[in-house]
Amino acid sequence: MPDPHNPNAPAAHNHESAPEQAAISPRLALLGITVVVVATVLLAAFGILRRSHEATVLAERTNQLAAPSVIAAAPKPGAPVDNFVLPGNVTAYTDSPIYARTSGYLTRWYFDIGAKVKKGALLAEISTPEIDQQLAQAQADLATAQANANNARIQADRYSGLVKSNAVSRQDTDTFVNLAASTAAQVRSAQANVQRLRDLQSFEKVYAPFDGVVTARNIDTGQLIDPGAAKELFRLQAIQTLRVYANLPEFYSQSVKHGDKIDLTFAEHPGKTFPGTLVRTADAIDPASRTLLVEIDVNNRAGDLMPGSLAQVHFKTPPASPTFVVPVSALIFRKEGLRIATVVNGDQAHLTAVAIGEDDGANVQIVTGLSAADRVIQDPPDSLIEGEKVFVVPATHTDSGGK
């Protein structure tokens, strides 16, 4: 209680609370420090958790962006295959360029393009004055060699008779005998040279090597002709029978055999079918195209067909399982073979081996390797690998190019 007589006197309880205040102050300081530390820890934990969440979101977003965006669609069903049509290249049965074998000037040609010639027909004549002079010189050299050989033979015979009676020496006899042998060899050499020049002279006349039609003439009268393949004089093709080559897909390689009758059609002969016969195959699959080269021969004695044209070759094959049609852009060409990418497990790429049938340039027929439940990636990236994550874009949201 304060003293009423001395208002300035301190209250009695102030002396009593000083120890209590001294004890409270450390507790308050410790409590404040604890609050600050807890707040700091909470803020740090919140920051760490936030950064961890952002890193997780960033990683997920990065993975989503890294996955290629693709369009997947079910393959279109195709009709079961019992026949198919392939393009075929028509060539002459024999196609031969005609070259000169001697040099000179062309004096005359006898057949132009489109002319039908028989084997042995004279096509052109070449003037070769140098060859003619060389042949005359070679014939004179041959006559000289024959005269020398005849004289050496007579001497050798004479000495061979005299040596028996010791009228001449053995050495002289051997010399004349060897001289006779040497001159005889010179005669044979001169004869070979004459024959060589006669052969060259015979090339002054250019003959047809087989029955055919002249499809090119690249010379004219007065032109200088050089021997060899530098300049083609004529081109001759035998067209009585034509060869038609087609590349058969590997899947059908066992469905054809030698002797099969194959129908052929041509754009220039609408509504008309030409019968052909499969005469031979390459008996090997081309590793680049996975096809078998086949040859079909067709009779062309009527002259309706021309080499160089394009044929449609109609093959028949036993009915196969149901087929599917996909865009050509869906095909993946790998060293292991032809592949098509499908989507499995919702977001994974799967590469499956397939065999193709008809190919019209825009769409291709898949005869094995696909099912109706598959989702085919329409335009897969070249770097796509097995099991890679993909992001499937709905076809309605992206232009699929009409696929």
# chains A, B, ... in the order shown; residues from 1 in each chain; ligands from 1

call {"tool": "closest_atom_pairs", "arguments": {"of": "range 179-248 of chain A", "to": "range 268-283 of chain A", "cutoff": "10 Å", "atoms": "only C-alpha atoms", "output": "JSON lines"}}
result
{"residue": "A:Leu242", "atom": "CA", "partner": "A:Gly276", "partner_atom": "CA", "distance": 9.5}
{"residue": "A:Arg243", "atom": "CA", "partner": "A:Gly276", "partner_atom": "CA", "distance": 9.3}
{"residue": "A:Val244", "atom": "CA", "partner": "A:Gly276", "partner_atom": "CA", "distance": 8.8}
{"residue": "A:Tyr245", "atom": "CA", "partner": "A:Thr281", "partner_atom": "CA", "distance": 9.4}
{"residue": "A:Ala246", "atom": "CA", "partner": "A:Thr281", "partner_atom": "CA", "distance": 9.7}
{"residue": "A:Asn247", "atom": "CA", "partner": "A:Thr281", "partner_atom": "CA", "distance": 9.8}
{"residue": "A:Leu248", "atom": "CA", "partner": "A:Thr281", "partner_atom": "CA", "distance": 9.7}

call {"tool": "closest_residue", "arguments": {"among": "A:Gly120, A:Pro307, A:Gly259, A:Pro209", "to": "Gln240 in chain A", "atoms": "only C-alpha atoms"}}
result
A:Pro307

call {"tool": "atom_distance", "arguments": {"atom1": "CA of Gln134 in chain A", "atom2": "CA of Ala230 in chain A"}}
result
23.8 Å

call {"tool": "residues_around", "arguments": {"residues": "Lys205 in chain A", "least_positions_apart": "6", "cutoff": "10 Å", "atoms": "only C-alpha atoms", "output": "MDAnalysis selection string"}}
result
chainID A and resid 100:102 106 108:109 122:127

call {"tool": "residues_around", "arguments": {"residues": "Lys76 in chain A", "least_positions_apart": "6", "cutoff": "8 Å", "atoms": "only C-alpha atoms", "output": "ChimeraX atom specification"}}
result
/A:324-326,372

call {"tool": "write_last_selection", "arguments": {"atoms": "C-alpha atoms", "output": "PDB file, in the first residue's frame"}}
result
ATOM      1  CA  PHE A 324      -5.999 -53.714 -94.751  1.00  0.00           C
ATOM      2  CA  VAL A 325      -5.291 -50.463 -96.561  1.00  0.00           C
ATOM      3  CA  VAL A 326      -3.056 -47.757 -95.061  1.00  0.00           C
ATOM      4  CA  ALA A 372      -8.642 -54.487 -87.258  1.00  0.00           C
TER       5      ALA A 372
END

call {"tool": "select_by_dssp", "arguments": {"residues": "range 21-232 of chain A", "states": "strand (DSSP E)", "output": "VMD selection string"}}
result
chain A and resid 69 to 70 72 to 73 76 to 78 83 to 98 104 to 109 116 to 117 122 to 127 205 to 207 212 to 217 224 to 225

call {"tool": "residues_around", "arguments": {"residues": "range 171-186 of chain A", "least_positions_apart": "2", "cutoff": "9 Å", "atoms": "only C-alpha atoms", "output": "PyMOL selection string"}}
result
chain A and resi 142+145-146+148-160+162-163+168-169+188-191

call {"tool": "write_last_selection", "arguments": {"atoms": "C-alpha atoms", "output": "PDB file, in the first residue's frame"}}
result
ATOM      1  CA  LEU A 142      53.196 -62.231-147.821  1.00  0.00           C
ATOM      2  CA  ALA A 145      57.895 -64.021-147.315  1.00  0.00           C
ATOM      3  CA  GLN A 146      56.672 -66.982-149.365  1.00  0.00           C
ATOM      4  CA  ASN A 148      62.118 -66.287-149.204  1.00  0.00           C
ATOM      5  CA  ALA A 149      60.698 -69.331-147.501  1.00  0.00           C
ATOM      6  CA  ASN A 150      60.647 -71.281-150.750  1.00  0.00           C
ATOM      7  CA  ASN A 151      64.304 -70.398-151.446  1.00  0.00           C
ATOM      8  CA  ALA A 152      65.326 -71.321-147.885  1.00  0.00           C
ATOM      9  CA  ARG A 153      63.488 -74.633-148.150  1.00  0.00           C
ATOM     10  CA  ILE A 154      65.262 -75.492-151.433  1.00  0.00           C
ATOM     11  CA  GLN A 155      68.667 -74.654-149.911  1.00  0.00           C
ATOM     12  CA  ALA A 156      67.890 -76.667-146.799  1.00  0.00           C
ATOM     13  CA  ASP A 157      66.860 -79.684-148.902  1.00  0.00           C
ATOM     14  CA  ARG A 158      69.990 -79.391-151.053  1.00  0.00           C
ATOM     15  CA  TYR A 159      72.353 -79.205-148.101  1.00  0.00           C
ATOM     16  CA  SER A 160      70.540 -82.006-146.321  1.00  0.00           C
ATOM     17  CA  LEU A 162      74.898 -83.192-149.702  1.00  0.00           C
ATOM     18  CA  VAL A 163      75.760 -83.594-146.026  1.00  0.00           C
ATOM     19  CA  VAL A 168      79.159 -79.810-147.227  1.00  0.00           C
ATOM     20  CA  SER A 169      79.701 -79.179-143.544  1.00  0.00           C
ATOM     21  CA  ARG A 188      52.577 -67.657-141.280  1.00  0.00           C
ATOM     22  CA  SER A 189      52.921 -64.211-139.662  1.00  0.00           C
ATOM     23  CA  ALA A 190      52.320 -62.484-142.998  1.00  0.00           C
ATOM     24  CA  GLN A 191      49.290 -64.686-143.637  1.00  0.00           C
TER      25      GLN A 191
END

call {"tool": "residues_around", "arguments": {"residues": "Ile340 in chain A", "least_positions_apart": "5", "cutoff": "7 Å", "atoms": "only C-alpha atoms", "output": "ChimeraX atom specification"}}
result
/A:330-332,351-354

call {"tool": "write_last_selection", "arguments": {"atoms": "N, CA and C atoms", "output": "compact mmCIF listing (two decimals), in the first residue's frame"}}
result
# COMPACT_ATOMS: atom_id res chain seq x y z
N ALA A 330 2.54 -44.21 -93.97
CA ALA A 330 2.59 -44.95 -92.72
C ALA A 330 3.71 -46.00 -92.72
N LEU A 331 4.28 -46.27 -93.87
CA LEU A 331 5.33 -47.29 -93.96
C LEU A 331 6.64 -46.76 -93.39
N ILE A 332 7.36 -47.61 -92.71
CA ILE A 332 8.69 -47.29 -92.17
C ILE A 332 9.68 -48.27 -92.78
N LEU A 351 6.52 -51.24 -83.26
CA LEU A 351 6.85 -51.45 -84.67
C LEU A 351 6.59 -52.90 -85.02
N THR A 352 5.71 -53.12 -85.99
CA THR A 352 5.34 -54.47 -86.40
C THR A 352 5.74 -54.71 -87.85
N ALA A 353 6.25 -55.91 -88.12
CA ALA A 353 6.64 -56.28 -89.49
C ALA A 353 5.39 -56.57 -90.32
N VAL A 354 5.38 -56.10 -91.55
CA VAL A 354 4.22 -56.29 -92.42
C VAL A 354 4.69 -56.73 -93.80

call {"tool": "select_by_dssp", "arguments": {"residues": "range 30-190 of chain A", "states": "helix (DSSP H, G or I)", "output": "NGL selection string"}}
result
:A and (30-66 or 129-165 or 170-190)

call {"tool": "closest_residue", "arguments": {"among": "A:Val328, A:Ala138, A:Leu28, A:Ala72", "to": "Val364 in chain A", "atoms": "only C-alpha atoms"}}
result
A:Val328

call {"tool": "closest_residue", "arguments": {"among": "A:Ala44, A:Ile33, A:Val90, A:Leu236", "to": "Glu295 in chain A", "atoms": "only C-alpha atoms"}}
result
A:Val90

call {"tool": "residues_around", "arguments": {"residues": "Val70 in chain A", "least_positions_apart": "3", "cutoff": "7 Å", "atoms": "only C-alpha atoms", "output": "MDAnalysis selection string"}}
result
chainID A and resid 377 380 390:393
